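Novice: For reference, this is work.txt, and it has compact mmCIF, C-alpha atoms.
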# COMPACT_ATOMS: atom_id res chain seq x y z
CA MET A 1 155.07 271.54 131.37
CA PRO A 2 155.96 275.08 132.57
CA TRP A 3 154.93 277.89 130.20
CA TRP A 4 158.55 278.79 129.47
CA ALA A 5 159.47 275.20 128.63
CA LYS A 6 156.53 274.90 126.26
CA LYS A 7 157.50 278.22 124.65
CA VAL A 8 161.09 277.04 124.12
CA SER A 9 159.78 273.75 122.79
CA ASN A 10 157.53 275.57 120.33
CA ILE A 11 160.39 277.81 119.13
CA LEU A 12 162.67 274.81 118.58
CA PHE A 13 159.90 272.95 116.83
CA GLU A 14 159.22 275.88 114.51
CA MET A 15 162.94 276.12 113.70
CA HIS A 16 162.87 272.42 112.94
CA ARG A 17 159.78 272.89 110.77
CA MET A 18 161.36 275.83 108.87
CA ASN A 19 164.62 273.99 108.29
CA ASN A 20 162.68 270.86 107.38
CA LYS A 21 165.50 268.69 108.66
CA PRO A 22 164.22 265.34 109.90
CA THR A 23 167.08 264.91 112.36
CA LEU A 24 164.92 264.22 115.40
CA PRO A 25 162.12 261.66 115.53
CA ILE A 26 158.51 262.47 116.31
CA VAL A 27 156.26 259.95 118.05
CA MET A 28 152.47 260.20 118.19
CA THR A 29 151.04 259.42 121.62
CA LEU A 30 147.75 258.69 123.31
CA ASP A 31 146.75 258.69 126.97
CA ALA A 32 143.61 256.56 127.21
CA GLY A 33 141.68 256.38 130.45
CA GLY A 34 138.08 255.21 130.64
CA GLN A 35 136.16 257.11 127.99
CA SER A 36 138.68 259.97 127.78
CA TYR A 37 141.37 259.89 125.09
CA VAL A 38 144.15 262.50 124.86
CA PHE A 39 146.05 262.49 121.55
CA SER A 40 149.37 264.27 121.18
CA ALA A 41 152.82 264.13 119.57
CA VAL A 42 156.20 264.26 121.26
CA TRP A 43 159.49 265.42 119.81
CA GLU A 44 162.70 265.16 121.82
CA ALA A 45 160.66 264.51 124.98
CA ARG A 46 158.46 267.60 124.48
CA GLU A 47 154.85 267.81 123.39
CA VAL A 48 154.83 269.68 120.09
CA ILE A 49 151.12 270.14 119.50
CA ALA A 50 148.25 271.11 121.75
CA PRO A 51 146.83 267.82 123.06
CA ILE A 52 143.48 266.79 121.57
CA SER A 53 141.06 265.42 124.16
CA VAL A 54 137.99 263.47 123.02
CA SER A 55 135.51 260.98 124.45
CA PHE A 56 134.10 257.82 122.91
CA LYS A 57 131.24 255.62 124.06
CA GLY A 58 132.70 252.67 125.92
CA ASP A 59 130.22 250.20 124.38
CA ASP A 60 130.61 251.24 120.73
CA LEU A 61 133.74 249.49 119.43
CA GLU A 62 133.51 250.48 115.75
CA THR A 63 133.04 254.17 116.51
CA THR A 64 135.88 254.09 119.04
CA LEU A 65 138.33 252.37 116.68
CA LYS A 66 137.46 254.65 113.76
CA GLY A 67 137.81 257.61 116.11
CA VAL A 68 141.28 256.51 117.24
CA ILE A 69 142.42 256.28 113.61
CA GLU A 70 140.78 259.61 112.77
CA TYR A 71 142.40 261.54 115.61
CA PHE A 72 145.83 260.03 115.11
CA GLY A 73 145.38 261.18 111.51
CA LYS A 74 144.58 264.70 112.72
CA VAL A 75 147.73 264.69 114.86
CA ALA A 76 149.82 263.47 111.93
CA GLY A 77 148.38 266.27 109.79
CA GLN A 78 149.86 268.88 112.15
CA LEU A 79 153.40 267.47 111.97
CA PRO A 80 156.16 268.63 109.60
CA GLU A 81 157.26 265.06 108.90
CA LYS A 82 156.05 261.52 109.23
CA PRO A 83 156.28 260.24 112.81
CA VAL A 84 158.51 257.24 113.42
CA ALA A 85 156.09 255.42 115.72
CA ILE A 86 152.88 255.48 117.73
CA SER A 87 153.28 254.83 121.44
CA PHE A 88 150.62 255.11 124.11
CA GLY A 89 149.20 254.00 127.40
CA PHE A 90 146.05 251.96 127.77
CA PRO A 91 144.42 250.54 130.90
CA GLY A 92 144.57 246.80 131.46
CA PRO A 93 144.00 243.99 131.18
CA CYS A 94 145.99 243.87 127.94
CA ASP A 95 148.58 241.73 126.27
CA TYR A 96 150.90 244.73 125.95
CA PRO A 97 153.76 243.02 124.05
CA LEU A 98 151.27 241.92 121.36
CA GLY A 99 149.24 245.14 121.50
CA ILE A 100 145.96 243.34 122.16
CA ILE A 101 143.38 245.05 124.35
CA GLY A 102 141.58 242.63 126.68
CA ASP A 103 138.43 242.62 128.77
CA LEU A 104 138.34 246.19 130.05
CA GLN A 105 135.83 247.01 132.78
CA ASN A 106 135.31 250.64 131.70
CA LEU A 107 135.38 249.87 127.96
CA PRO A 108 133.13 246.83 127.49
CA ALA A 109 133.31 247.05 123.70
CA PHE A 110 136.89 245.75 123.82
CA ARG A 111 135.95 242.51 125.54
CA GLY A 112 137.10 239.42 123.76
CA GLY A 113 140.38 240.95 122.61
CA VAL A 114 141.05 243.67 120.05
CA ALA A 115 144.33 243.76 118.09
CA LEU A 116 144.71 247.52 118.39
CA ALA A 117 148.45 247.71 117.64
CA ASP A 118 148.16 245.72 114.41
CA MET A 119 145.19 247.83 113.32
CA LEU A 120 147.14 251.06 113.76
CA GLU A 121 150.29 249.66 112.14
CA GLU A 122 148.28 248.83 109.04
CA ALA A 123 146.60 252.24 109.05
CA PHE A 124 149.79 254.33 109.46
CA GLN A 125 152.58 251.95 108.35
CA ILE A 126 154.75 252.65 111.40
CA PRO A 127 155.54 250.63 114.55
CA VAL A 128 153.00 250.81 117.39
CA PHE A 129 153.82 250.28 121.07
CA ILE A 130 151.16 249.93 123.77
CA ASN A 131 151.88 249.86 127.49
CA ASN A 132 150.04 250.23 130.76
CA ASP A 133 149.31 253.92 131.35
CA ALA A 134 150.70 253.86 134.90
CA ASP A 135 153.88 252.19 133.61
CA LEU A 136 154.39 254.99 131.10
CA PHE A 137 153.73 257.61 133.76
CA ALA A 138 156.45 256.00 135.87
CA TYR A 139 158.77 255.85 132.86
CA GLY A 140 158.26 259.54 132.13
CA GLU A 141 159.06 260.46 135.73
CA ALA A 142 162.11 258.19 135.68
CA THR A 143 163.54 259.62 132.46
CA HIS A 144 162.52 263.30 132.60
CA GLY A 145 160.83 263.93 135.94
CA LEU A 146 161.45 263.40 139.63
CA LEU A 147 164.24 260.82 139.40
CA PRO A 148 166.69 262.84 137.24
CA ALA A 149 165.83 265.99 139.22
CA ILE A 150 166.82 264.28 142.48
CA ASN A 151 170.01 262.89 140.98
CA LYS A 152 170.92 266.34 139.65
CA GLU A 153 170.60 267.70 143.19
CA PHE A 154 172.90 264.94 144.46
CA GLU A 155 175.43 265.81 141.74
CA ASP A 156 175.26 269.55 142.44
CA SER A 157 175.80 268.96 146.16
CA GLY A 158 178.86 266.79 145.59
CA SER A 159 177.14 263.70 146.98
CA PRO A 160 178.14 260.28 145.64
CA LYS A 161 174.57 259.05 146.12
CA ARG A 162 172.44 258.27 143.05
CA PHE A 163 169.05 256.62 142.63
CA HIS A 164 168.33 254.21 139.77
CA ASN A 165 164.89 252.88 140.70
CA LEU A 166 161.50 254.56 140.72
CA PHE A 167 158.04 253.40 141.68
CA GLY A 168 155.40 255.63 140.10
CA ILE A 169 151.80 255.63 141.31
CA THR A 170 148.69 257.24 139.85
CA LEU A 171 145.80 258.12 142.14
CA GLY A 172 142.38 258.77 140.67
CA THR A 173 139.47 256.61 139.51
CA GLY A 174 141.77 253.69 140.26
CA PHE A 175 145.17 253.04 141.82
CA GLY A 176 147.93 252.36 139.29
CA GLY A 177 151.61 251.64 139.61
CA GLY A 178 154.72 251.17 137.50
CA ILE A 179 158.30 250.10 138.20
CA VAL A 180 161.40 251.46 136.45
CA SER A 181 164.86 250.07 137.23
CA LYS A 182 168.07 251.40 135.67
CA GLY A 183 166.22 253.00 132.78
CA GLN A 184 164.08 249.98 131.95
CA LEU A 185 160.42 249.31 132.59
CA PHE A 186 159.84 246.17 134.63
CA PHE A 187 156.93 244.25 133.13
CA GLY A 188 156.92 240.84 134.78
CA ASP A 189 156.13 237.65 132.88
CA ASN A 190 152.47 238.56 132.34
CA ALA A 191 152.93 242.32 131.84
CA VAL A 192 151.23 243.02 135.18
CA ALA A 193 154.19 244.01 137.36
CA GLY A 194 153.46 247.04 139.53
CA GLU A 195 149.69 246.41 139.66
CA ILE A 196 149.47 247.74 143.20
CA ASN A 197 145.67 247.99 143.06
CA ARG A 198 145.39 244.31 143.97
CA MET A 199 147.24 244.63 147.28
CA GLY A 200 145.41 244.07 150.54
CA ASN A 201 143.56 246.81 152.41
CA ILE A 202 144.95 247.24 155.94
CA LEU A 203 141.67 248.73 157.26
CA TYR A 204 139.23 246.49 155.38
CA PRO A 205 140.95 243.12 154.78
CA GLU A 206 138.05 241.76 152.73
CA TYR A 207 138.56 244.53 150.14
CA SER A 208 141.41 245.46 147.85
CA VAL A 209 143.46 248.58 148.50
CA GLU A 210 141.76 250.35 145.57
CA GLU A 211 138.44 250.45 147.45
CA SER A 212 140.08 253.01 149.74
CA VAL A 213 142.80 254.49 147.52
CA SER A 214 140.58 255.96 144.83
CA ILE A 215 138.05 258.69 144.20
CA ARG A 216 135.20 256.42 145.29
CA GLY A 217 137.07 255.55 148.49
CA ILE A 218 137.40 259.19 149.54
CA GLN A 219 133.76 259.89 148.68
CA ARG A 220 132.52 256.83 150.55
CA VAL A 221 134.35 257.69 153.78
CA TYR A 222 133.25 261.32 153.59
CA ALA A 223 129.63 260.30 153.11
CA ARG A 224 129.79 257.85 155.99
CA ALA A 225 131.39 260.36 158.38
CA ALA A 226 129.09 263.19 157.28
CA ARG A 227 126.05 260.90 157.44
CA ILE A 228 124.85 261.65 153.95
CA ASP A 229 123.84 259.51 150.99
CA PRO A 230 127.01 258.35 149.18
CA GLN A 231 125.41 259.49 145.92
CA GLN A 232 125.42 263.03 147.33
CA ALA A 233 129.11 263.04 148.25
CA PRO A 234 131.10 265.90 146.69
CA GLU A 235 133.97 265.33 144.29
CA PRO A 236 137.39 264.78 145.95
CA LYS A 237 138.56 268.26 144.94
CA GLU A 238 135.71 269.79 146.95
CA ILE A 239 136.34 267.41 149.85
CA TYR A 240 139.97 268.56 149.82
CA GLU A 241 138.86 272.20 149.83
CA ILE A 242 136.51 271.47 152.75
CA ALA A 243 139.38 269.79 154.62
CA ILE A 244 141.66 272.83 154.26
CA GLY A 245 138.89 275.31 155.04
CA GLU A 246 138.42 276.77 151.57
CA SER A 247 134.86 275.43 151.10
CA SER A 248 131.94 274.94 153.41
CA GLY A 249 131.05 271.44 154.48
CA ASP A 250 131.81 268.84 157.12
CA LYS A 251 135.50 269.48 157.79
CA ALA A 252 135.87 266.61 160.25
CA ALA A 253 134.43 264.20 157.69
CA ALA A 254 136.74 265.54 154.97
CA LEU A 255 139.81 265.12 157.16
CA GLN A 256 138.73 261.61 158.09
CA ALA A 257 138.34 260.72 154.41
CA PHE A 258 141.90 261.73 153.63
CA ASP A 259 143.21 260.17 156.85
CA GLU A 260 141.85 256.74 155.87
CA PHE A 261 143.12 257.25 152.34
CA ALA A 262 146.61 258.00 153.70
CA VAL A 263 146.75 255.04 156.10
CA VAL A 264 145.75 252.49 153.46
CA LEU A 265 148.02 254.05 150.83
CA ALA A 266 150.97 254.07 153.23
CA GLN A 267 150.84 250.35 153.95
CA SER A 268 150.63 249.53 150.23
CA LEU A 269 153.65 251.72 149.54
CA VAL A 270 155.59 250.12 152.38
CA ASP A 271 154.97 246.70 150.86
CA ALA A 272 155.82 247.88 147.35
CA VAL A 273 158.93 249.91 148.09
CA THR A 274 160.31 247.10 150.26
CA LEU A 275 160.79 245.24 146.98
CA VAL A 276 161.52 248.15 144.64
CA ASP A 277 163.79 250.23 146.95
CA GLY A 278 163.71 253.57 145.18
CA ILE A 279 162.04 256.94 144.75
CA ILE A 280 158.23 257.09 144.82
CA ALA A 281 156.59 259.57 142.42
CA VAL A 282 152.92 260.38 143.04
CA GLY A 283 150.67 261.42 140.15
CA GLY A 284 147.08 261.23 138.96
CA GLY A 285 144.13 263.53 139.60
CA LEU A 286 144.19 263.07 143.38
CA ALA A 287 147.84 264.18 143.52
CA GLY A 288 146.47 267.73 143.57
CA ALA A 289 145.64 267.10 147.23
CA SER A 290 149.09 265.65 148.00
CA SER A 291 149.98 268.45 150.41
CA LEU A 292 147.13 267.20 152.61
CA PHE A 293 147.67 263.45 152.51
CA LEU A 294 151.37 262.83 151.73
CA PRO A 295 152.67 264.06 155.11
CA LYS A 296 150.25 261.58 156.72
CA VAL A 297 151.44 258.85 154.36
CA VAL A 298 155.05 259.48 155.36
CA GLU A 299 154.11 259.52 159.05
CA ALA A 300 152.37 256.15 158.67
CA MET A 301 155.31 254.69 156.71
CA ARG A 302 157.59 255.65 159.60
CA LYS A 303 155.40 254.04 162.26
CA PRO A 304 157.36 251.07 163.69
CA TYR A 305 156.17 247.52 164.08
CA LYS A 306 156.25 245.75 167.41
CA THR A 307 158.11 242.50 167.99
CA VAL A 308 156.97 239.55 170.09
CA ALA A 309 159.85 240.33 172.46
CA GLY A 310 158.36 243.76 173.09
CA ASP A 311 160.83 245.75 171.04
CA SER A 312 160.11 247.97 168.05
CA LEU A 313 161.11 247.39 164.43
CA THR A 314 161.21 250.08 161.77
CA ARG A 315 158.60 249.48 159.11
CA LEU A 316 161.25 249.85 156.41
CA GLU A 317 164.99 249.26 156.44
CA SER A 318 165.40 252.68 154.86
CA SER A 319 164.40 256.05 156.30
CA VAL A 320 161.48 257.75 154.54
CA PHE A 321 161.71 261.41 153.49
CA TYR A 322 158.92 263.68 152.26
CA LEU A 323 160.51 265.32 149.23
CA ASP A 324 157.98 268.15 148.93
CA ASP A 325 159.06 269.54 152.30
CA PRO A 326 162.15 271.76 151.79
CA ILE A 327 163.72 270.81 155.13
CA GLU A 328 163.24 267.08 154.58
CA ARG A 329 164.44 267.31 150.99
CA LYS A 330 167.61 269.10 152.15
CA ALA A 331 168.28 266.37 154.71
CA PHE A 332 167.57 263.72 152.07
CA ILE A 333 170.11 265.23 149.66
CA GLU A 334 172.75 265.86 152.33
CA GLY A 335 172.58 262.33 153.72
CA ASP A 336 175.51 261.23 155.85
CA ILE A 337 178.56 261.67 153.64
CA ARG A 338 181.78 260.28 155.06
CA GLU A 339 185.33 259.92 153.84
CA ILE A 340 187.22 256.80 154.85
CA THR A 341 190.73 255.57 154.20
CA VAL A 342 191.36 252.37 152.29
CA PRO A 343 193.19 249.93 154.60
CA PHE A 344 196.98 249.90 154.10
CA SER A 345 196.69 252.79 151.65
CA LYS A 346 196.66 256.56 151.55
CA LYS A 347 193.66 256.45 149.23
CA THR A 348 190.36 257.80 150.59
CA ILE A 349 186.83 257.02 149.49
CA LYS A 350 183.74 259.16 149.95
CA TYR A 351 180.53 257.30 150.63
CA ASP A 352 177.08 257.80 152.09
CA PRO A 353 175.88 254.94 154.33
CA MET A 354 172.42 256.41 154.98
CA LYS A 355 169.72 254.09 153.62
CA ARG A 356 166.84 256.24 152.51
CA ILE A 357 163.98 256.57 150.08
CA GLY A 358 161.97 259.63 149.12
CA ILE A 359 158.33 260.16 148.22
CA GLY A 360 156.99 263.26 146.52
CA LYS A 361 154.54 264.64 144.02
CA ALA A 362 155.52 263.97 140.43
CA LEU A 363 157.50 266.70 138.72
CA LEU A 364 155.48 266.44 135.50
CA GLN A 365 151.74 266.60 134.94
CA THR A 366 150.37 263.06 134.72
CA HIS A 367 149.37 263.34 131.06
CA GLU A 368 152.73 264.93 130.23
CA ALA A 369 154.69 262.22 132.05
CA THR A 370 152.68 259.51 130.31
CA SER A 371 153.29 261.07 126.88
CA ILE A 372 157.01 261.51 127.52
CA GLY A 373 157.21 257.98 128.88
CA ALA A 374 155.51 256.70 125.72
CA TYR A 375 157.97 258.66 123.58
CA SER A 376 161.04 257.45 125.47
CA PHE A 377 159.85 253.85 125.36
CA ALA A 378 159.29 253.98 121.60
CA ILE A 379 162.69 255.56 120.91
CA ASN A 380 164.46 252.95 123.04
CA GLN A 381 162.61 250.11 121.33
CA LEU A 382 163.46 251.49 117.88
CA LYS A 383 167.13 251.79 118.84
CA ARG A 384 167.14 248.12 119.75
Could you write out this structure as structure tokens?
Specialist:
Amino acid sequence: MPWWAKKVSNILFEMHRMNNKPTLPIVMTLDAGGQSYVFSAVWEAREVIAPISVSFKGDDLETTLKGVIEYFGKVAGQLPEKPVAISFGFPGPCDYPLGIIGDLQNLPAFRGGVALADMLEEAFQIPVFINNDADLFAYGEATHGLLPAINKEFEDSGSPKRFHNLFGITLGTGFGGGIVSKGQLFFGDNAVAGEINRMGNILYPEYSVEESVSIRGIQRVYARAARIDPQQAPEPKEIYEIAIGESSGDKAAALQAFDEFAVVLAQSLVDAVTLVDGIIAVGGGLAGASSLFLPKVVEAMRKPYKTVAGDSLTRLESSVFYLDDPIERKAFIEGDIREITVPFSKKTIKYDPMKRIGIGKALLQTHEATSIGAYSFAINQLKR
């Protein structure tokens, strides 16, 4: 959130606190990833307290559960009124509709199934909603991030074009994805829709895509190219800085690491967006290096297939635009607007026949998008 937006949010929240008018609902949120838990509260799609970040031991279930209750209690203690719900993201596998946490790899204490939603509902006497963290990131970008920003640009330019679908991806320790269509999260029948991490790896078919599209993937390729022990590989941020010449190291190895990352990511996105057909928002810790790898991703997504007859076939039916490049974004917004006459009538219709999708860095910080997505999901569920 920009500093000015947070300042405005704080002023409005203080006015709300002073007037003590419970006209707008507050939702407590949590962004849980591995052993890191970020607790917050959202009011009218704005964080209204400074997020509280804590860590729990992944193998100590009782301490973790008591800690979750304790810190939600601390959040509630900073609010001027009782929140209407708790809504948060949690890594899978989970039975999200029932709020049961399953056999998590990074949190072994939860194995066997833990009814986390029911526990919190009893503790705070309010509804609790749990979703996949990547899904909520996508939902936040679809409701208050990249998707509405793009549509506002279409509106301001006089274009009839609008986008209603978004595929959000998070790049970091793992590779997450979420699908939003016409304002609704798409879950699938087993609550695993959008789990892009299980797609195939175009460079290493015996592995999943996540072995390359992840922190460990970048470090492994760098170590191999630099001929060092993988345990000695720098963090991706440093590898990025080496690649752009801001840190000393093996620049060729750093560039190769992000090149492989981009090629594997591109094919996964081609497969995914073929079905979703919408905007792609890129978030997660590795999105900080997006200026290095996204242009390569777009280049790979544009690379045509060959046909048996010797012709070429575009990899996607739609043209791909890199939204973080001002020139490409301008062309994306302008499109190919035409005005045609209705047959046997004087009526004219404006339309844009250009099939296109756009990919760009998320407008919101990943934690912020996840919190806002959690808030928006809870409010919509309560309205129902």
Novice: Restricting the calculation to only C-alpha atoms, which member of A:Gly278, A:Ala191, A:Ala243, A:Ile130 is positioned closest to His164 of chain A?
Specialist: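 Under the stated criterion, the closest residue is A:Gly278.
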Novice: Please determine, counting only C-alpha atoms, which residue among A:Glu241, A:Glu299, A:Glu260, A:Asp229 has the shortest atom-to-atom distance to Tyr204 of chain A.
Specialist: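 That would be A:Glu260, the residue with the smallest distance to Tyr204 of chain A.
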Novice: Here's a test: counting only C-alpha atoms, identify every protein, DNA and RNA residue with an atom at most 9 Å from (156.2, 261.1, 145.9) in the file's coordinate frame, and state them as a ChimeraX atom specification.
Specialist: /A:146,167-169,279-283,290,294,322-324,358-362
Novice: Check the smallest atom-to-atom distance from each of A:Leu286, A:Ala115, A:Ala253, A:Cys94 to Ser214 of chain A using all atoms listed in the file, then report the winner.
Specialist: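 Checking each of A:Leu286, A:Ala115, A:Ala253, A:Cys94 against Ser214 of chain A, counting all atoms listed in the file, the winner is A:Leu286.
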Novice: Skip segment 62-67 of chain A itself and residues of its chain fewer than 4 positions away, then list as a ChimeraX atom specification all residues within 10 Å of it, counting all atoms listed in the file.
Specialist: /A:35,37,54-58,71-73,107,109-110,114,116,119-120
Novice: For Val263 of chain A, which of A:Leu292, A:Asn201, A:Thr314, A:Pro93 is the closest residue, counting all atoms listed in the file?
Specialist: A:Asn201
Novice: What's the 10 Å shell around segment 332-339 of chain A, counting all atoms listed in the file, without same-chain residues fewer than 4 positions away, as a tab-separated table (two decimals) with C-alpha atoms, keeping the file's coordinate frame?
Specialist:
chain	number	residue	atom	x	y	z
A	150	ILE	CA	166.82	264.28	142.48
A	151	ASN	CA	170.01	262.89	140.98
A	153	GLU	CA	170.60	267.70	143.19
A	154	PHE	CA	172.90	264.94	144.46
A	155	GLU	CA	175.43	265.81	141.74
A	156	ASP	CA	175.26	269.55	142.44
A	157	SER	CA	175.80	268.96	146.16
A	158	GLY	CA	178.86	266.79	145.59
A	159	SER	CA	177.14	263.70	146.98
A	160	PRO	CA	178.14	260.28	145.64
A	161	LYS	CA	174.57	259.05	146.12
A	162	ARG	CA	172.44	258.27	143.05
A	319	SER	CA	164.40	256.05	156.30
A	320	VAL	CA	161.48	257.75	154.54
A	321	PHE	CA	161.71	261.41	153.49
A	322	TYR	CA	158.92	263.68	152.26
A	323	LEU	CA	160.51	265.32	149.23
A	326	PRO	CA	162.15	271.76	151.79
A	327	ILE	CA	163.72	270.81	155.13
A	328	GLU	CA	163.24	267.08	154.58
A	348	THR	CA	190.36	257.80	150.59
A	349	ILE	CA	186.83	257.02	149.49
A	350	LYS	CA	183.74	259.16	149.95
A	351	TYR	CA	180.53	257.30	150.63
A	352	ASP	CA	177.08	257.80	152.09
A	353	PRO	CA	175.88	254.94	154.33
A	354	MET	CA	172.42	256.41	154.98
A	355	LYS	CA	169.72	254.09	153.62
A	356	ARG	CA	166.84	256.24	152.51
A	357	ILE	CA	163.98	256.57	150.08
A	358	GLY	CA	161.97	259.63	149.12
Novice: Mind completing segment 55-63 of chain A with all heavy atoms? Output as a short mmCIF file (atom, residue, chain, number, x, y, z; two decimals), keeping the file's coordinate frame, please?
Specialist:
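Final file, part-v9.cif:
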data_model
loop_
_atom_site.label_atom_id
_atom_site.label_comp_id
_atom_site.auth_asym_id
_atom_site.auth_seq_id
_atom_site.Cartn_x
_atom_site.Cartn_y
_atom_site.Cartn_z
N SER A 55 136.15 262.08 123.73
CA SER A 55 135.51 260.98 124.45
C SER A 55 134.78 260.09 123.46
O SER A 55 134.22 260.57 122.47
CB SER A 55 134.51 261.52 125.49
OG SER A 55 135.17 262.25 126.49
N PHE A 56 134.83 258.79 123.73
CA PHE A 56 134.10 257.82 122.91
C PHE A 56 133.21 256.99 123.82
O PHE A 56 133.52 256.80 125.00
CB PHE A 56 135.06 256.88 122.17
CG PHE A 56 136.04 257.59 121.27
CD1 PHE A 56 137.40 257.49 121.51
CD2 PHE A 56 135.61 258.34 120.20
CE1 PHE A 56 138.31 258.13 120.69
CE2 PHE A 56 136.51 259.00 119.38
CZ PHE A 56 137.87 258.89 119.63
N LYS A 57 132.12 256.48 123.29
CA LYS A 57 131.24 255.62 124.06
C LYS A 57 131.93 254.28 124.30
O LYS A 57 132.40 253.64 123.36
CB LYS A 57 129.91 255.41 123.34
CG LYS A 57 129.04 256.67 123.26
CD LYS A 57 127.71 256.37 122.59
CE LYS A 57 126.83 257.61 122.57
NZ LYS A 57 125.52 257.34 121.92
N GLY A 58 131.97 253.88 125.56
CA GLY A 58 132.70 252.67 125.92
C GLY A 58 132.12 251.40 125.35
O GLY A 58 132.80 250.37 125.31
N ASP A 59 130.85 251.42 124.89
CA ASP A 59 130.22 250.20 124.38
C ASP A 59 130.10 250.18 122.86
O ASP A 59 129.46 249.30 122.29
CB ASP A 59 128.83 250.03 125.01
CG ASP A 59 127.91 251.22 124.74
OD1 ASP A 59 128.39 252.22 124.18
OD2 ASP A 59 126.72 251.14 125.11
N ASP A 60 130.70 251.15 122.19
CA ASP A 60 130.61 251.24 120.73
C ASP A 60 132.01 251.05 120.15
O ASP A 60 132.76 252.01 119.97
CB ASP A 60 130.02 252.59 120.32
CG ASP A 60 129.71 252.66 118.82
OD1 ASP A 60 130.29 251.86 118.05
OD2 ASP A 60 128.90 253.52 118.43
N LEU A 61 132.38 249.80 119.85
CA LEU A 61 133.74 249.49 119.43
C LEU A 61 134.08 250.11 118.08
O LEU A 61 135.13 250.72 117.92
CB LEU A 61 133.93 247.97 119.36
CG LEU A 61 135.33 247.52 118.92
CD1 LEU A 61 136.39 248.01 119.90
CD2 LEU A 61 135.37 246.00 118.79
N GLU A 62 133.20 249.98 117.10
CA GLU A 62 133.51 250.48 115.75
C GLU A 62 133.75 251.98 115.76
O GLU A 62 134.72 252.47 115.16
CB GLU A 62 132.38 250.12 114.78
CG GLU A 62 132.69 250.57 113.34
CD GLU A 62 131.62 250.12 112.36
OE1 GLU A 62 130.75 249.31 112.74
OE2 GLU A 62 131.65 250.59 111.21
N THR A 63 132.88 252.72 116.45
CA THR A 63 133.04 254.17 116.51
C THR A 63 134.34 254.53 117.23
O THR A 63 135.05 255.45 116.82
CB THR A 63 131.84 254.81 117.24
OG1 THR A 63 130.65 254.52 116.52
CG2 THR A 63 132.01 256.31 117.35
#
